[in-house]
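For reference, protein.txt is printed below; it contains compact mmCIF, C-alpha atoms and all ligand atoms.
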# COMPACT_ATOMS: atom_id res chain seq x y z
CA LEU W 1 -38.05 -10.14 -32.80
CA SER W 2 -36.07 -7.64 -30.80
CA PRO W 3 -32.34 -7.72 -31.60
CA LYS W 4 -31.78 -7.40 -27.84
CA ILE W 5 -33.19 -10.88 -27.24
CA PRO W 6 -30.47 -13.35 -28.19
CA PHE W 7 -31.76 -16.50 -29.85
CA GLU W 8 -28.92 -18.40 -28.23
CA LEU W 9 -25.97 -17.50 -26.09
CA ILE W 10 -22.93 -16.26 -27.97
CA SER W 11 -20.06 -18.71 -27.91
CA SER W 12 -17.22 -16.27 -28.66
CA PRO W 13 -16.59 -12.56 -27.97
CA GLN W 14 -16.59 -11.79 -31.70
CA GLU W 15 -20.22 -12.92 -32.02
CA ALA W 16 -21.38 -10.19 -29.65
CA ILE W 17 -23.21 -7.31 -31.30
CA ASN W 18 -23.66 -5.28 -28.14
CA VAL W 19 -22.38 -5.40 -24.58
CA PHE W 20 -25.62 -6.94 -23.30
CA ASP W 21 -24.78 -10.14 -25.20
CA PHE W 22 -22.13 -10.92 -22.58
CA GLU W 23 -24.43 -10.78 -19.57
CA PRO W 24 -26.32 -14.08 -20.02
CA VAL W 25 -23.06 -15.90 -20.80
CA ALA W 26 -21.50 -14.50 -17.63
CA PHE W 27 -24.63 -15.50 -15.72
CA LYS W 28 -24.20 -19.06 -16.92
CA ARG W 29 -20.47 -19.29 -16.23
CA VAL W 30 -20.00 -17.28 -13.04
CA PRO W 31 -21.09 -18.76 -9.68
CA LEU W 32 -24.48 -17.37 -8.69
CA ALA W 33 -23.29 -15.57 -5.55
CA HIS W 34 -20.57 -13.79 -7.51
CA PHE W 35 -22.87 -12.83 -10.36
CA ALA W 36 -25.50 -11.59 -7.91
CA TYR W 37 -22.96 -9.49 -6.00
CA MET W 38 -22.00 -7.80 -9.24
CA ALA W 39 -25.41 -7.36 -10.81
CA THR W 40 -27.60 -6.13 -8.00
CA GLY W 41 -28.16 -2.87 -6.14
CA ILE W 42 -29.46 -1.69 -2.79
CA ASP W 43 -32.92 -1.96 -1.18
CA ASP W 44 -35.50 -1.58 -3.97
CA GLU W 45 -32.83 -0.92 -6.62
CA VAL W 46 -34.46 2.38 -7.60
CA THR W 47 -31.11 4.04 -8.27
CA LEU W 48 -29.84 1.02 -10.17
CA ARG W 49 -32.79 1.24 -12.58
CA ALA W 50 -32.65 5.04 -12.75
CA ASN W 51 -29.05 4.84 -13.91
CA ARG W 52 -30.30 3.28 -17.14
CA SER W 53 -33.67 4.95 -17.63
CA ALA W 54 -32.38 8.48 -16.92
CA PHE W 55 -30.37 8.49 -20.16
CA GLN W 56 -33.73 8.74 -21.95
CA LYS W 57 -34.31 12.10 -20.28
CA PHE W 58 -31.50 13.51 -22.41
CA PRO W 59 -32.36 12.77 -26.05
CA LEU W 60 -29.80 13.59 -28.72
CA ARG W 61 -29.99 16.70 -30.97
CA PRO W 62 -27.92 15.68 -34.00
CA ARG W 63 -26.32 18.18 -36.39
CA ARG W 64 -26.06 17.42 -40.11
CA MET W 65 -23.91 18.37 -43.07
CA ARG W 66 -20.59 18.22 -41.27
CA ASP W 67 -17.51 16.35 -42.41
CA VAL W 68 -17.25 13.32 -40.15
CA SER W 69 -15.28 11.14 -42.54
CA HIS W 70 -12.44 11.15 -40.00
CA VAL W 71 -13.33 10.87 -36.34
CA ASP W 72 -10.83 11.49 -33.56
CA THR W 73 -12.00 10.18 -30.19
CA SER W 74 -8.77 10.93 -28.34
CA ILE W 75 -8.57 12.86 -25.11
CA THR W 76 -5.87 14.15 -22.78
CA LEU W 77 -6.29 13.56 -19.06
CA PHE W 78 -3.76 14.87 -16.53
CA GLY W 79 -1.21 15.16 -19.32
CA SER W 80 -1.68 11.62 -20.71
CA LYS W 81 -3.19 11.05 -24.13
CA TRP W 82 -5.77 8.30 -24.57
CA LYS W 83 -7.34 7.06 -27.78
CA SER W 84 -10.79 7.08 -26.16
CA PRO W 85 -12.58 8.75 -23.25
CA ILE W 86 -13.99 5.33 -22.28
CA MET W 87 -12.29 3.98 -19.17
CA ILE W 88 -12.44 0.87 -16.98
CA ALA W 89 -13.89 1.70 -13.54
CA PRO W 90 -12.47 0.18 -10.36
CA THR W 91 -14.34 -2.91 -9.20
CA GLY W 92 -13.39 -5.18 -6.32
CA GLY W 93 -12.59 -8.88 -6.29
CA ASN W 94 -12.27 -9.54 -10.02
CA LYS W 95 -11.12 -13.13 -9.44
CA ALA W 96 -14.77 -13.85 -8.67
CA TYR W 97 -15.38 -13.64 -12.42
CA ASP W 98 -12.19 -15.08 -13.89
CA PRO W 99 -9.15 -16.73 -12.27
CA GLU W 100 -6.87 -14.01 -13.66
CA GLY W 101 -9.11 -11.24 -12.33
CA GLU W 102 -7.67 -7.74 -12.45
CA VAL W 103 -4.61 -8.96 -14.35
CA ALA W 104 -6.84 -10.10 -17.24
CA VAL W 105 -8.59 -6.73 -17.14
CA ALA W 106 -5.26 -4.89 -17.19
CA ARG W 107 -4.08 -6.94 -20.17
CA ALA W 108 -7.31 -6.12 -22.00
CA ALA W 109 -6.79 -2.43 -21.19
CA ARG W 110 -3.28 -2.69 -22.61
CA ALA W 111 -4.46 -4.49 -25.77
CA GLY W 112 -7.07 -1.82 -26.49
CA GLY W 113 -5.20 1.18 -25.12
CA TYR W 114 -7.72 2.05 -22.41
CA LEU W 115 -7.19 3.52 -18.97
CA ASN W 116 -8.01 1.18 -16.09
CA VAL W 117 -8.39 1.86 -12.38
CA LEU W 118 -7.52 -0.78 -9.77
CA SER W 119 -9.73 -0.90 -6.68
CA ALA W 120 -8.41 -1.07 -3.14
CA ALA W 121 -10.81 -4.01 -2.87
CA GLY W 122 -9.14 -5.73 -5.80
CA ALA W 123 -8.12 -9.38 -5.63
CA SER W 124 -4.77 -8.65 -7.31
CA THR W 125 -1.95 -6.41 -6.14
CA ILE W 126 -1.15 -3.02 -7.63
CA GLU W 127 2.28 -4.38 -8.57
CA GLU W 128 0.71 -7.24 -10.56
CA VAL W 129 -1.71 -4.92 -12.32
CA VAL W 130 0.90 -2.31 -13.24
CA ALA W 131 3.14 -5.10 -14.60
CA ALA W 132 0.27 -6.52 -16.68
CA ARG W 133 -0.85 -3.12 -17.99
CA GLN W 134 2.68 -1.98 -18.87
CA GLY W 135 1.45 1.57 -18.80
CA GLU W 136 -0.53 4.04 -16.77
CA VAL W 137 -2.91 2.61 -14.15
CA TRP W 138 -4.94 4.60 -11.64
CA PHE W 139 -5.87 3.43 -8.17
CA SER W 140 -9.07 3.94 -6.18
CA LEU W 141 -8.75 4.04 -2.43
CA TYR W 142 -11.10 2.81 0.24
CA ALA W 143 -9.63 4.95 2.97
CA THR W 144 -10.71 2.71 5.89
CA SER W 145 -11.35 4.13 9.36
CA SER W 146 -7.63 4.80 9.82
CA THR W 147 -5.76 7.65 8.11
CA GLU W 148 -2.53 5.85 8.96
CA VAL W 149 -3.65 2.77 6.98
CA ALA W 150 -4.71 4.99 4.08
CA LYS W 151 -1.31 6.67 4.07
CA GLN W 152 0.52 3.33 3.96
CA VAL W 153 -1.59 2.19 1.01
CA VAL W 154 -1.08 5.48 -0.81
CA ARG W 155 2.70 5.32 -0.37
CA ARG W 156 2.76 1.78 -1.77
CA VAL W 157 0.66 2.76 -4.76
CA GLU W 158 2.77 5.82 -5.55
CA ARG W 159 5.95 3.74 -5.38
CA VAL W 160 4.88 1.68 -8.41
CA GLY W 161 4.27 4.82 -10.47
CA VAL W 162 0.52 5.36 -10.24
CA PRO W 163 -0.08 9.02 -11.19
CA VAL W 164 -3.69 9.47 -10.10
CA LEU W 165 -5.34 8.51 -6.81
CA GLU W 166 -9.09 8.24 -6.76
CA ILE W 167 -10.62 8.41 -3.31
CA THR W 168 -13.97 6.64 -3.26
CA VAL W 169 -16.17 8.76 -0.99
CA ASP W 170 -19.58 7.14 -1.43
CA ARG W 171 -19.21 3.98 0.63
CA ASN W 172 -19.25 5.37 4.11
CA GLY W 173 -22.17 3.52 5.65
CA GLY W 174 -23.71 0.10 5.67
CA ARG W 175 -25.68 -1.05 2.67
CA ASN W 176 -28.55 -3.42 2.29
CA GLN W 177 -27.77 -5.54 -0.76
CA GLU W 178 -31.12 -7.23 -0.40
CA THR W 179 -31.34 -9.01 -3.76
CA PHE W 180 -27.74 -10.19 -3.47
CA PHE W 181 -28.32 -11.56 0.03
CA ARG W 182 -31.33 -13.57 -1.14
CA LEU W 183 -29.57 -14.95 -4.22
CA LYS W 184 -26.44 -15.80 -2.29
CA LYS W 185 -28.46 -18.20 -0.14
CA MET W 186 -29.20 -20.21 -3.27
CA ASP W 187 -25.48 -20.75 -3.92
CA SER W 188 -24.24 -23.62 -1.76
CA ARG W 189 -20.59 -23.57 -2.89
CA THR W 190 -17.80 -22.68 -0.52
CA CYS W 191 -15.51 -20.07 -1.96
CA SER W 192 -11.84 -20.57 -1.39
CA ASN W 193 -9.29 -18.12 -2.67
CA CYS W 194 -11.40 -17.12 -5.67
CA HIS W 195 -11.98 -13.59 -4.45
CA VAL W 196 -11.58 -11.42 -1.43
CA HIS W 197 -14.38 -11.66 1.06
CA GLY W 198 -16.83 -9.18 2.56
CA PHE W 199 -16.34 -5.44 2.89
CA GLY W 200 -15.51 -5.92 6.56
CA SER W 201 -12.53 -8.22 6.17
CA ALA W 202 -9.81 -5.90 5.00
CA GLN W 203 -7.04 -8.30 6.00
CA GLU W 204 -7.86 -10.50 3.05
CA ARG W 205 -7.44 -7.75 0.48
CA PRO W 206 -3.99 -7.73 -1.13
CA ILE W 207 -3.55 -3.95 -0.87
CA TYR W 208 -3.81 -4.04 2.94
CA ASP W 209 -1.55 -7.07 3.21
CA GLY W 210 1.18 -6.58 5.79
CA ILE W 211 -0.60 -3.63 7.42
CA ASP W 212 -1.83 -4.06 10.97
CA MET W 213 -5.59 -3.94 10.52
CA THR W 214 -6.52 -4.67 14.13
CA GLY W 215 -9.62 -2.67 14.97
CA ILE W 216 -9.72 -1.05 11.54
CA ASN W 217 -13.05 -0.80 9.74
CA MET W 218 -13.11 -0.82 5.94
CA SER W 219 -15.76 1.90 6.00
CA SER W 220 -14.38 5.44 6.13
CA SER W 221 -17.46 6.85 7.82
CA ASN W 222 -15.27 9.32 9.70
CA MET W 223 -13.85 10.89 6.52
CA THR W 224 -14.30 14.67 6.05
CA TRP W 225 -12.82 17.31 3.74
CA ASP W 226 -9.61 17.65 5.77
CA PHE W 227 -8.73 14.14 4.55
CA ILE W 228 -7.66 15.67 1.22
CA GLN W 229 -4.86 17.63 2.89
CA LYS W 230 -3.83 14.54 4.84
CA MET W 231 -3.33 12.71 1.56
CA ARG W 232 -1.57 15.70 -0.01
CA ASP W 233 0.91 15.52 2.86
CA VAL W 234 2.03 12.05 1.76
CA THR W 235 1.60 12.00 -2.01
CA LYS W 236 2.21 13.99 -5.15
CA MET W 237 -0.37 11.95 -7.06
CA LYS W 238 -3.33 13.82 -8.53
CA ILE W 239 -6.40 13.38 -6.34
CA VAL W 240 -9.84 12.66 -7.79
CA LEU W 241 -12.92 12.20 -5.59
CA LYS W 242 -15.19 9.40 -6.79
CA GLY W 243 -18.85 9.53 -5.85
CA ILE W 244 -19.70 13.25 -6.08
CA LEU W 245 -23.35 13.90 -7.08
CA THR W 246 -24.19 17.50 -6.14
CA GLU W 247 -23.08 21.01 -7.03
CA GLU W 248 -22.52 21.73 -3.32
CA ASP W 249 -19.94 18.97 -3.07
CA ALA W 250 -18.47 19.91 -6.45
CA SER W 251 -17.87 23.43 -5.07
CA LEU W 252 -16.23 21.95 -1.99
CA CYS W 253 -14.02 19.79 -4.21
CA LEU W 254 -12.76 22.99 -5.82
CA LYS W 255 -12.39 24.73 -2.46
CA TYR W 256 -10.32 21.88 -1.08
CA GLY W 257 -8.21 21.68 -4.20
CA VAL W 258 -9.03 18.26 -5.60
CA ASP W 259 -7.64 17.69 -9.10
CA GLY W 260 -10.66 15.92 -10.57
CA ILE W 261 -14.29 15.03 -9.84
CA HIS W 262 -15.78 11.63 -10.58
CA VAL W 263 -19.58 11.79 -10.81
CA SER W 264 -20.85 8.34 -9.83
CA ASN W 265 -23.39 6.64 -7.62
CA HIS W 266 -21.27 3.50 -7.56
CA GLY W 267 -23.54 1.87 -10.15
CA GLY W 268 -26.50 2.09 -7.75
CA ARG W 269 -24.54 0.23 -5.05
CA SER W 270 -24.33 2.93 -2.39
CA GLU W 271 -27.54 4.56 -1.10
CA ASP W 272 -30.81 3.71 -2.86
CA GLY W 273 -33.54 6.18 -3.73
CA GLY W 274 -31.37 8.56 -5.72
CA ARG W 275 -31.37 10.03 -9.19
CA GLY W 276 -29.84 8.37 -12.17
CA ALA W 277 -26.18 9.42 -12.19
CA ILE W 278 -26.52 11.16 -15.57
CA GLU W 279 -29.11 13.50 -13.99
CA CYS W 280 -26.48 14.60 -11.47
CA LEU W 281 -23.83 15.42 -14.05
CA PRO W 282 -25.18 18.82 -15.26
CA GLU W 283 -25.13 20.44 -11.82
CA VAL W 284 -21.60 19.25 -11.16
CA ALA W 285 -20.50 20.42 -14.61
CA LYS W 286 -22.09 23.84 -13.99
CA VAL W 287 -19.68 24.33 -11.09
CA ALA W 288 -16.58 22.44 -12.21
CA LYS W 289 -16.47 22.28 -16.03
CA GLY W 290 -13.25 23.74 -17.35
CA LYS W 291 -11.75 23.97 -13.86
CA VAL W 292 -10.93 20.31 -13.19
CA PRO W 293 -11.54 17.17 -15.28
CA ILE W 294 -14.89 15.50 -14.70
CA LEU W 295 -15.25 11.73 -14.92
CA PHE W 296 -18.59 10.01 -15.12
CA ASP W 297 -19.98 6.52 -14.57
CA SER W 298 -23.04 4.49 -13.57
CA GLY W 299 -25.37 2.94 -16.11
CA VAL W 300 -23.28 3.41 -19.26
CA ARG W 301 -24.04 0.59 -21.70
CA ARG W 302 -24.00 2.27 -25.13
CA GLY W 303 -21.77 4.53 -27.14
CA SER W 304 -24.65 7.00 -27.19
CA ASP W 305 -24.61 7.02 -23.35
CA VAL W 306 -20.92 7.92 -23.50
CA PHE W 307 -21.72 10.69 -25.97
CA LYS W 308 -24.48 12.11 -23.75
CA ALA W 309 -22.19 12.15 -20.73
CA MET W 310 -19.49 13.93 -22.72
CA ALA W 311 -22.03 16.48 -23.99
CA LEU W 312 -23.25 17.07 -20.44
CA GLY W 313 -19.75 17.88 -19.23
CA ALA W 314 -17.72 14.72 -18.70
CA ASN W 315 -14.10 14.55 -19.86
CA ALA W 316 -14.02 10.77 -19.58
CA VAL W 317 -16.60 8.02 -18.99
CA CYS W 318 -16.09 4.77 -17.09
CA ILE W 319 -17.87 1.47 -17.28
CA GLY W 320 -18.27 -1.12 -14.53
CA ARG W 321 -20.57 -4.09 -15.01
CA PRO W 322 -20.23 -4.42 -18.80
CA TYR W 323 -16.54 -5.30 -18.58
CA LEU W 324 -17.28 -7.69 -15.71
CA TRP W 325 -19.82 -9.40 -17.98
CA GLY W 326 -17.07 -9.69 -20.60
CA LEU W 327 -14.61 -10.97 -18.00
CA GLY W 328 -17.04 -13.54 -16.59
CA ALA W 329 -18.09 -14.72 -20.04
CA PHE W 330 -14.72 -15.03 -21.81
CA GLY W 331 -11.91 -13.66 -19.62
CA GLN W 332 -9.53 -11.12 -21.14
CA PRO W 333 -10.88 -11.43 -24.73
CA GLY W 334 -14.36 -10.71 -23.38
CA VAL W 335 -13.21 -7.49 -21.77
CA GLU W 336 -11.40 -6.52 -24.97
CA ARG W 337 -14.52 -7.03 -27.05
CA VAL W 338 -16.76 -5.10 -24.63
CA MET W 339 -14.44 -2.12 -24.88
CA GLU W 340 -14.23 -2.45 -28.66
CA ILE W 341 -18.02 -2.50 -29.02
CA LEU W 342 -18.48 0.59 -26.87
CA GLN W 343 -15.72 2.43 -28.69
CA THR W 344 -17.22 1.54 -32.09
CA GLU W 345 -20.68 2.65 -30.97
CA PHE W 346 -19.28 5.89 -29.54
CA LYS W 347 -17.44 6.64 -32.76
CA SER W 348 -20.48 6.10 -34.91
CA THR W 349 -22.58 8.22 -32.53
CA MET W 350 -20.05 11.02 -32.95
CA GLN W 351 -20.43 10.73 -36.72
CA GLN W 352 -24.20 10.73 -36.54
CA MET W 353 -24.10 13.76 -34.26
CA GLY W 354 -21.78 15.73 -36.53
CA ALA W 355 -18.90 15.76 -34.06
CA PRO W 356 -15.57 14.77 -35.69
CA ASN W 357 -13.62 15.19 -32.46
CA ILE W 358 -14.18 15.48 -28.73
CA ALA W 359 -14.05 19.30 -28.76
CA ALA W 360 -16.93 19.28 -31.24
CA ILE W 361 -19.24 17.52 -28.78
CA GLN W 362 -21.44 20.41 -27.69
CA SER W 363 -23.82 20.70 -24.75
CA SER W 364 -26.53 21.70 -27.24
CA MET W 365 -26.33 18.22 -28.80
CA VAL W 366 -28.33 16.88 -25.87
CA PHE W 367 -31.89 18.05 -25.19
CA LYS W 368 -32.32 18.83 -21.50
CA GLY W 369 -36.05 19.41 -21.17
CA ALA W 370 -37.35 15.85 -21.54
C1 LIG H 401 -18.00 -1.54 -8.08
N1 LIG H 401 -17.61 -0.22 -7.92
C2 LIG H 401 -16.53 0.10 -7.13
N2 LIG H 401 -16.10 1.38 -7.01
C3 LIG H 401 -15.01 1.69 -6.26
O1 LIG H 401 -14.66 2.86 -6.19
N3 LIG H 401 -14.33 0.71 -5.60
C4 LIG H 401 -14.71 -0.60 -5.66
O2 LIG H 401 -14.09 -1.47 -5.07
C5 LIG H 401 -15.86 -0.93 -6.43
N4 LIG H 401 -16.28 -2.23 -6.53
C6 LIG H 401 -17.32 -2.56 -7.37
C7 LIG H 401 -17.67 -3.90 -7.53
C8 LIG H 401 -18.66 -4.23 -8.42
C9 LIG H 401 -19.02 -5.68 -8.60
C10 LIG H 401 -19.33 -3.24 -9.16
C11 LIG H 401 -20.40 -3.58 -10.17
C12 LIG H 401 -19.00 -1.91 -8.99
C13 LIG H 401 -18.30 0.86 -8.65
C14 LIG H 401 -17.68 1.09 -10.03
O3 LIG H 401 -16.42 1.70 -9.92
C15 LIG H 401 -18.54 2.01 -10.89
O4 LIG H 401 -18.79 3.20 -10.18
C16 LIG H 401 -19.86 1.36 -11.28
O5 LIG H 401 -19.72 -0.01 -11.57
C17 LIG H 401 -20.42 2.06 -12.52
O6 LIG H 401 -21.70 1.62 -12.80
P1 LIG H 401 -22.04 0.48 -13.86
O7 LIG H 401 -21.22 0.76 -15.11
O8 LIG H 401 -21.70 -0.82 -13.23
O9 LIG H 401 -23.50 0.67 -14.07
Please express the file's structure as structure tokens.
Amino acid sequence: LSPKIPFELISSPQEAINVFDFEPVAFKRVPLAHFAYMATGIDDEVTLRANRSAFQKFPLRPRRMRDVSHVDTSITLFGSKWKSPIMIAPTGGNKAYDPEGEVAVARAARAGGYLNVLSAAGASTIEEVVAARQGEVWFSLYATSSTEVAKQVVRRVERVGVPVLEITVDRNGGRNQETFFRLKKMDSRTCSNCHVHGFGSAQERPIYDGIDMTGINMSSSNMTWDFIQKMRDVTKMKIVLKGILTEEDASLCLKYGVDGIHVSNHGGRSEDGGRGAIECLPEVAKVAKGKVPILFDSGVRRGSDVFKAMALGANAVCIGRPYLWGLGAFGQPGVERVMEILQTEFKSTMQQMGAPNIAAIQSSMVFKGA
């Protein structure tokens, strides 16, 4: 029997032997419409599937006979030291999975010492999340159709001490969440106050609370490169663009002076019909490696995936759905355990690969011709 097929659902986070163990528990506990919103992709979900399968195109090339009795997974990012390069990606409306939502995630990040990023579509405020984390939190911005609204949000976020602003640049059009739409019809509940609502209703998102949103669209389909300078004019926060997938845009990131590049296809939730995100990382790294930090996400489920991304040029690696599985299954302790499992797997992959520290993770440790 495959170890990936659980004989029965786990009943506590400690029983989990990999992050997949949380998914069926979350499926059982989370309302169907919420689970479907989280799990599914766009159109035919080609990109969603490619995010997982593409990791197999980069098999590992392990090195032997190296002292890996002590492994140091720590990294430094924009001057802050972290015990692990594994980070918690921004995801909207976390109260859909647990009543404490983003606050539970922030507490889990604090307990394990991980970096977490709050989404502009979050169901909790930045003030609540910073208070729960009691440490560094990043913020990811949905810029909306109004630069003025974006500026107000950015000022608020900077006031509570957020040092890094991610600008999510890959949600600028409509999206056909076909599987989600179909599954949602099978969920007859009425949601009240358990999460923020659709992408179009910005008023209900805590971060835009108190801002006049009349006529404002959540989609920043009018955003171009001059937006970076507009944000620079109002903030000293570091600026990272999230959703970059090509070397052309990586070059433009450098030209326009962004401080970091986040390679991501939004977990297959933006356009469909693309490459797996890991396939996009090498061309971005070719242009940007060593110049600005590179973050990576989309499809990461194993410590070996984290290792591959680091070998292909990432400085840090985020996860999305796995921590939402943990959150939906067991709340904060579920998120803690998901992070612990990934960190343990990553550490043992480093040992197997002959890399006792992050600097020892070489590009040659991943085969690129498969
Ligand atoms: C997301 N993601 C996301 N990204 C962002 O910049 N702002 C957001 O509000 C959200 N919201 C969101 C909700 C849900 C339910 C999911 C699953 C994802 C994308 C997220 O930051 C990250 O890029 C992906 O989740 C990474 O892919 P995996 O790990 O889910 O495969």
Let me have the centre and edge lengths in Å, one decimal, of the box along x, y and z around every listed atom of ligand LIG 401 (chain H) with 3 Å of margin on each side, as lines of an AutoDock Vina configuration file.
center_x = -18.8
center_y = -1.2
center_z = -10.1
size_x = 15.4
size_y = 14.9
size_z = 16.0
- Can you tell me how far CA of Pro85 (chain W) sits from CA of Val317 (chain W), in Å to one decimal?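 Atom-to-atom, CA of Pro85 (chain W) to CA of Val317 (chain W), that is 5.9 Å.
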From the set W:Val263, W:Val162, W:Met218, W:Val287, which residue has the shortest atom-to-atom contact distance to Gly299 (chain W), counting only C-alpha atoms?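 Smallest separation from Gly299 (chain W) among the options: W:Val263.
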Kindly indicate which residue among W:Val306, W:Val153, W:Val169, W:Leu324 lies nearest to Ile126 (chain W), using only C-alpha atoms for the distances.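 The shortest atom-to-atom distance to Ile126 (chain W) comes from W:Val153.
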Pick from W:Val68, W:Tyr97, W:Val105, W:Thr344: nearest to Glu23 (chain W), with only C-alpha atoms counted?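 Ranked by minimum distance to Glu23 (chain W), first place goes to W:Tyr97.
Using only C-alpha atoms and all ligand atoms, the nearest neighbour of ligand LIG 401 (chain H) within the list W:Gly161, W:Gly273, W:Pro90, W:Gly113 is W:Pro90.
Remark: for Ser12 (chain W), the closest of the candidate residues W:Val164, W:Ile216, W:Ala329, W:Ile361 is W:Ala329 (distances computed over only C-alpha atoms).
Using all atoms listed in the file, the nearest neighbour of ligand LIG 401 (chain H) within the list W:Ala277, W:Ala120, W:Val366, W:Ile42 is W:Ala120.
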Within 10 Å of (-32.2, -7.6, 0.6) in the file's own coordinates, which protein, DNA or RNA residues have an atom, counting all atoms listed in the file? List them as a PDB file with C-alpha atoms, keeping the file's coordinate frame.
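Contents of out-v3.pdb, freshly written:
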ATOM      1  CA  THR W  40     -27.600  -6.130  -8.000  1.00  0.00           C
ATOM      2  CA  GLY W  41     -28.160  -2.870  -6.140  1.00  0.00           C
ATOM      3  CA  ILE W  42     -29.460  -1.690  -2.790  1.00  0.00           C
ATOM      4  CA  ASP W  43     -32.920  -1.960  -1.180  1.00  0.00           C
ATOM      5  CA  ASP W  44     -35.500  -1.580  -3.970  1.00  0.00           C
ATOM      6  CA  GLU W  45     -32.830  -0.920  -6.620  1.00  0.00           C
ATOM      7  CA  ARG W 175     -25.680  -1.050   2.670  1.00  0.00           C
ATOM      8  CA  ASN W 176     -28.550  -3.420   2.290  1.00  0.00           C
ATOM      9  CA  GLN W 177     -27.770  -5.540  -0.760  1.00  0.00           C
ATOM     10  CA  GLU W 178     -31.120  -7.230  -0.400  1.00  0.00           C
ATOM     11  CA  THR W 179     -31.340  -9.010  -3.760  1.00  0.00           C
ATOM     12  CA  PHE W 180     -27.740 -10.190  -3.470  1.00  0.00           C
ATOM     13  CA  PHE W 181     -28.320 -11.560   0.030  1.00  0.00           C
ATOM     14  CA  ARG W 182     -31.330 -13.570  -1.140  1.00  0.00           C
ATOM     15  CA  LEU W 183     -29.570 -14.950  -4.220  1.00  0.00           C
TER      16      LEU W 183
END
Students should find that atom C16 of ligand LIG 401 (chain H) and CA of Gly320 (chain W) are spaced 4.4 Å
- Task: Counting all atoms listed in the file, select every polymer residue within 9 Å of (0.9, -4.0, -19.2) as defined in the file's coordinates, and provide the selection as a VMD selection string.
- Result: chain W and resid 103 106 to 111 129 to 136
- Message: Need to verify the contact set: Ala285 (chain W), 9 Å, all atoms listed in the file, exclusion of same-chain residues closer than 6 positions in sequence. Can you return it as a PyMOL selection string?
- Response: chain W and resi 247+250+294+312-314
Calculate how many Å separate CA of Leu254 (chain W) from CA of Lys151 (chain W), rounding to one decimal.
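Going from CA of Leu254 (chain W) over to CA of Lys151 (chain W) covers 22.3 Å.
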message = Could you list, as a PyMOL selection string, every residue within 10 Å of Glu279 (chain W), counting all atoms listed in the file and ignoring same-chain residues fewer than 6 positions away?
response = chain W and resi 50-51+54-55+57-58+245+309+312+368
Dump C-alpha atoms for the selected residues as a short mmCIF file (atom, residue, chain, number, x, y, z; two decimals), in the coordinates of the input?
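Result file follows (out_2.cif):
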data_model
loop_
_atom_site.label_atom_id
_atom_site.label_comp_id
_atom_site.auth_asym_id
_atom_site.auth_seq_id
_atom_site.Cartn_x
_atom_site.Cartn_y
_atom_site.Cartn_z
CA ALA W 50 -32.65 5.04 -12.75
CA ASN W 51 -29.05 4.84 -13.91
CA ALA W 54 -32.38 8.48 -16.92
CA PHE W 55 -30.37 8.49 -20.16
CA LYS W 57 -34.31 12.10 -20.28
CA PHE W 58 -31.50 13.51 -22.41
CA LEU W 245 -23.35 13.90 -7.08
CA ALA W 309 -22.19 12.15 -20.73
CA LEU W 312 -23.25 17.07 -20.44
CA LYS W 368 -32.32 18.83 -21.50
#
